[in-house]
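A.B. asks: This is the structure I want to talk about, given as structure tokens.
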Amino acid sequence: MMFNFFKNNNKKNKPTPRKENLDREAIQKRGMELAEVSKKRHAAGLPQQAKSQEDLSAVMYVFTDQWDYTIMKIGVDVPVLDDGSLRPSLRKKGFLPLNESVYILVSQIRSVDLEALQIEIDPELDRSMRRNLRGDDVIEKLQRCRKEDSPIFYIDEAFVDEVRAIIER
């Protein structure tokens, strides 16, 4: 692939600092940059087409140093404007925190192993993300918590009790 998606990187995911001033124009500009990537991929024969409205539903959130993203079921990353209230609201909407920076919708999880501190995500979502993610910062953040070249992601030990509470509901 055109990026180092399969690199094994066992560095810990660090919490991302919150942005002090939310700049709507900068977020729109970032969205346009990512749209250009999609246009180039489409022209190269790699279309990112949604087959249904469900493909456009948010299934993950990734918080990087500079931007916050939602990942759609189709695997496309879209920058979002977050005033700091997004993370607490995600828990109420059925998103499981893997660490301080990555949240995944419970319905996209295939299995959870709290002893090994791992979750396996839906293979279709994994394939879609590998094909359609555009932002290097998103790819890098996800790669840090991915187990080698698999659809398995590590759970930060600090979030185990919360994960247990969510999955036992």
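By order of appearance in the structure tokens: chains A, B, ..., then residues from 1 within every chain, and ligands from 1 in the order shown.
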Fewer than 2 positions away in the same chain doesn't count, so skip those; otherwise give me all residues within 8 Å of Pro97 (chain A), counting only C-alpha atoms, as a PyMOL selection string.

C.D. replies: chain A and resi 91+95+99-104+155+159+162-163

A.B. asks: Per residue of region 27-94 of chain A within 7 Å of region 134-153 of chain A, note the shortest atom pair and the distance in Å to one decimal, counting only C-alpha atoms, and order the rows by chain and increasing residue number, as CSV.

C.D. replies:
residue,atom,partner,partner_atom,distance
A:Leu34,CA,A:Arg134,CA,6.2
A:Val37,CA,A:Arg134,CA,6.6
A:Val62,CA,A:Val138,CA,6.6
A:Thr64,CA,A:Asp137,CA,6.4
A:Asp77,CA,A:Arg134,CA,6.6

A.B. asks: One number please: CA of Glu25 (chain A) to CA of Tyr69 (chain A), in Å, one decimal.

C.D. replies: 15.5 Å

A.B. asks: Fewer than 2 positions away in the same chain doesn't count, so skip those; otherwise give me all residues within 8 Å of region 78-85 of chain A, counting only C-alpha atoms, as a list in words.

C.D. replies: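 Non-adjacent residues within range: Arg18, Leu22, Arg24, Ile27, Arg30, Gly31, Leu34, Trp67, Asp68, Tyr69, Thr70, Ile71, Met72, Val76, Arg87, Pro88 and Ser89 of chain A.
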
A.B. asks: Using only C-alpha atoms, which of the listed residues (A:Leu117, A:Lys92, A:Gly75, A:Ser107) sits closest to Ser38 (chain A)?

C.D. replies: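 Closest residue, counting only C-alpha atoms: A:Gly75.
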
A.B. asks: Using DSSP assignments from the backbone, pull out every residue in region 54-169 of chain A that falls under alpha helix (DSSP H) and give it to me as a PyMOL selection string.

C.D. replies: chain A and resi 86-92+123-132+136-144+160-167

A.B. asks: One decimal, Å: what's the distance from CA of Ala58 (chain A) over to CA of Lys73 (chain A), could you say?

C.D. replies: 6.2 Å

A.B. asks: Could you give me, as an NGL selection string, each residue of region 5-166 of chain A that DSSP assigns to strand (DSSP E or B) when run on this structure's backbone?

C.D. replies: :A and (58-63 or 68-72 or 77-80 or 95-97 or 102-105 or 109-113 or 118-121 or 146 or 152-154)

A.B. asks: Now that the selection is made, can you save its residues with N, CA, C and O atoms as a CSV table (one decimal), in the first residue's frame?

C.D. replies:
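Output (result_31.csv):
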chain,number,residue,atom,x,y,z
A,58,ALA,N,-21.1,6.8,11.6
A,58,ALA,CA,-19.9,6.9,12.3
A,58,ALA,C,-19.7,5.6,13.1
A,58,ALA,O,-20.6,5.2,13.8
A,59,VAL,N,-18.5,5.0,13.0
A,59,VAL,CA,-18.3,3.7,13.7
A,59,VAL,C,-17.0,3.8,14.6
A,59,VAL,O,-16.8,3.0,15.4
A,60,MET,N,-16.2,4.8,14.3
A,60,MET,CA,-15.0,5.0,15.2
A,60,MET,C,-14.7,6.5,15.3
A,60,MET,O,-15.1,7.3,14.4
A,61,TYR,N,-14.0,6.9,16.3
A,61,TYR,CA,-13.5,8.3,16.5
A,61,TYR,C,-12.0,8.1,16.8
A,61,TYR,O,-11.7,7.3,17.7
A,62,VAL,N,-11.2,9.0,16.2
A,62,VAL,CA,-9.8,9.0,16.4
A,62,VAL,C,-9.4,10.4,16.7
A,62,VAL,O,-9.7,11.3,15.9
A,63,PHE,N,-8.7,10.6,17.8
A,63,PHE,CA,-8.3,12.0,18.2
A,63,PHE,C,-6.7,12.0,18.1
A,63,PHE,O,-6.0,11.3,18.8
A,68,ASP,N,-9.3,15.9,15.0
A,68,ASP,CA,-10.2,14.9,15.5
A,68,ASP,C,-11.0,14.3,14.3
A,68,ASP,O,-11.4,15.1,13.5
A,69,TYR,N,-11.2,13.0,14.3
A,69,TYR,CA,-11.8,12.4,13.1
A,69,TYR,C,-12.9,11.5,13.5
A,69,TYR,O,-12.8,10.8,14.6
A,70,THR,N,-13.9,11.3,12.7
A,70,THR,CA,-14.8,10.2,12.8
A,70,THR,C,-14.5,9.3,11.6
A,70,THR,O,-14.1,9.8,10.5
A,71,ILE,N,-14.6,8.1,11.8
A,71,ILE,CA,-14.4,7.1,10.7
A,71,ILE,C,-15.8,6.5,10.4
A,71,ILE,O,-16.4,6.0,11.2
A,72,MET,N,-16.2,6.6,9.1
A,72,MET,CA,-17.4,6.1,8.7
A,72,MET,C,-17.3,4.6,8.4
A,72,MET,O,-16.2,4.1,8.2
A,77,ASP,N,-12.2,8.6,6.7
A,77,ASP,CA,-12.0,9.5,7.8
A,77,ASP,C,-12.4,10.9,7.5
A,77,ASP,O,-12.1,11.4,6.4
A,78,VAL,N,-13.1,11.5,8.4
A,78,VAL,CA,-13.7,12.9,8.2
A,78,VAL,C,-13.3,13.7,9.4
A,78,VAL,O,-13.6,13.3,10.6
A,79,PRO,N,-12.7,14.9,9.2
A,79,PRO,CA,-12.4,15.7,10.4
A,79,PRO,C,-13.7,16.2,11.0
A,79,PRO,O,-14.6,16.5,10.3
A,80,VAL,N,-13.7,16.3,12.4
A,80,VAL,CA,-14.8,16.8,13.1
A,80,VAL,C,-14.4,18.0,14.0
A,80,VAL,O,-13.3,18.1,14.4
A,95,PHE,N,-20.0,3.8,22.2
A,95,PHE,CA,-18.6,3.7,21.7
A,95,PHE,C,-17.7,3.3,22.9
A,95,PHE,O,-17.8,3.8,24.0
A,96,LEU,N,-16.9,2.3,22.6
A,96,LEU,CA,-16.0,1.7,23.5
A,96,LEU,C,-14.6,2.4,23.4
A,96,LEU,O,-14.0,2.4,22.3
A,97,PRO,N,-14.0,2.9,24.5
A,97,PRO,CA,-12.7,3.5,24.4
A,97,PRO,C,-11.6,2.4,24.4
A,97,PRO,O,-11.6,1.6,25.3
A,102,VAL,N,-8.8,6.6,20.8
A,102,VAL,CA,-9.5,5.8,19.8
A,102,VAL,C,-10.7,5.2,20.5
A,102,VAL,O,-10.6,4.5,21.6
A,103,TYR,N,-11.9,5.4,19.9
A,103,TYR,CA,-13.2,4.9,20.3
A,103,TYR,C,-13.8,4.2,19.2
A,103,TYR,O,-13.8,4.6,18.1
A,104,ILE,N,-14.4,3.0,19.5
A,104,ILE,CA,-15.1,2.2,18.4
A,104,ILE,C,-16.5,1.9,18.9
A,104,ILE,O,-16.7,1.6,20.1
A,105,LEU,N,-17.4,1.9,17.9
A,105,LEU,CA,-18.8,1.5,18.2
A,105,LEU,C,-18.9,0.0,18.6
A,105,LEU,O,-18.3,-0.8,17.9
A,109,ILE,N,-17.4,-4.5,16.9
A,109,ILE,CA,-16.4,-5.4,17.6
A,109,ILE,C,-16.9,-6.8,17.5
A,109,ILE,O,-18.0,-7.2,17.7
A,110,ARG,N,-16.0,-7.6,17.0
A,110,ARG,CA,-16.3,-9.1,16.8
A,110,ARG,C,-16.0,-9.9,18.1
A,110,ARG,O,-16.8,-10.7,18.4
A,111,SER,N,-14.9,-9.5,18.8
A,111,SER,CA,-14.7,-10.2,20.1
A,111,SER,C,-13.8,-9.4,21.0
A,111,SER,O,-13.1,-8.5,20.5
A,112,VAL,N,-13.9,-9.7,22.3
A,112,VAL,CA,-13.1,-8.9,23.3
A,112,VAL,C,-12.4,-10.0,24.2
A,112,VAL,O,-13.0,-10.9,24.6
A,113,ASP,N,-11.1,-9.7,24.4
A,113,ASP,CA,-10.4,-10.6,25.3
A,113,ASP,C,-9.7,-9.6,26.4
A,113,ASP,O,-8.7,-9.0,26.1
A,118,GLN,N,-7.2,-7.1,24.4
A,118,GLN,CA,-7.4,-7.0,22.9
A,118,GLN,C,-8.9,-7.1,22.5
A,118,GLN,O,-9.7,-7.7,23.2
A,119,ILE,N,-9.2,-6.4,21.4
A,119,ILE,CA,-10.5,-6.5,20.8
A,119,ILE,C,-10.2,-6.9,19.3
A,119,ILE,O,-9.2,-6.5,18.8
A,120,GLU,N,-11.1,-7.6,18.7
A,120,GLU,CA,-11.1,-7.8,17.3
A,120,GLU,C,-12.2,-7.1,16.6
A,120,GLU,O,-13.4,-7.2,17.1
A,121,ILE,N,-11.9,-6.2,15.7
A,121,ILE,CA,-13.0,-5.5,15.0
A,121,ILE,C,-13.5,-6.3,13.8
A,121,ILE,O,-12.9,-7.2,13.4
A,146,ARG,N,-2.8,-1.4,16.9
A,146,ARG,CA,-3.1,-2.6,16.1
A,146,ARG,C,-2.0,-3.7,16.4
A,146,ARG,O,-0.9,-3.4,16.6
A,152,ILE,N,-7.0,-7.0,15.1
A,152,ILE,CA,-7.0,-7.0,16.5
A,152,ILE,C,-6.3,-5.7,17.0
A,152,ILE,O,-5.2,-5.3,16.5
A,153,PHE,N,-6.9,-5.1,18.0
A,153,PHE,CA,-6.4,-3.8,18.5
A,153,PHE,C,-6.2,-4.0,20.0
A,153,PHE,O,-7.0,-4.7,20.7
A,154,TYR,N,-5.2,-3.3,20.6
A,154,TYR,CA,-5.0,-3.4,22.0
A,154,TYR,C,-5.8,-2.4,22.8
A,154,TYR,O,-6.1,-1.3,22.3

A.B. asks: Let me make sure I understand: among A:Asp65, A:Asp122, A:Leu114, A:Met129, which one has the smallest atom-to-atom distance to Ile167 (chain A) if we use only C-alpha atoms?

C.D. replies: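 The answer is A:Leu114, which sits nearest to Ile167 (chain A).
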
A.B. asks: For CA of Gly94 (chain A) and CA of Asn132 (chain A), determine how far apart the two atoms are, in Å to one decimal place.

C.D. replies: 23.6 Å

A.B. asks: With distances taken over only C-alpha atoms, which of A:Leu133, A:Leu98, A:Val106, A:Leu125 is nearest to Ala158 (chain A)?

C.D. replies: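 For Ala158 (chain A), the nearest of the candidates is A:Leu98.
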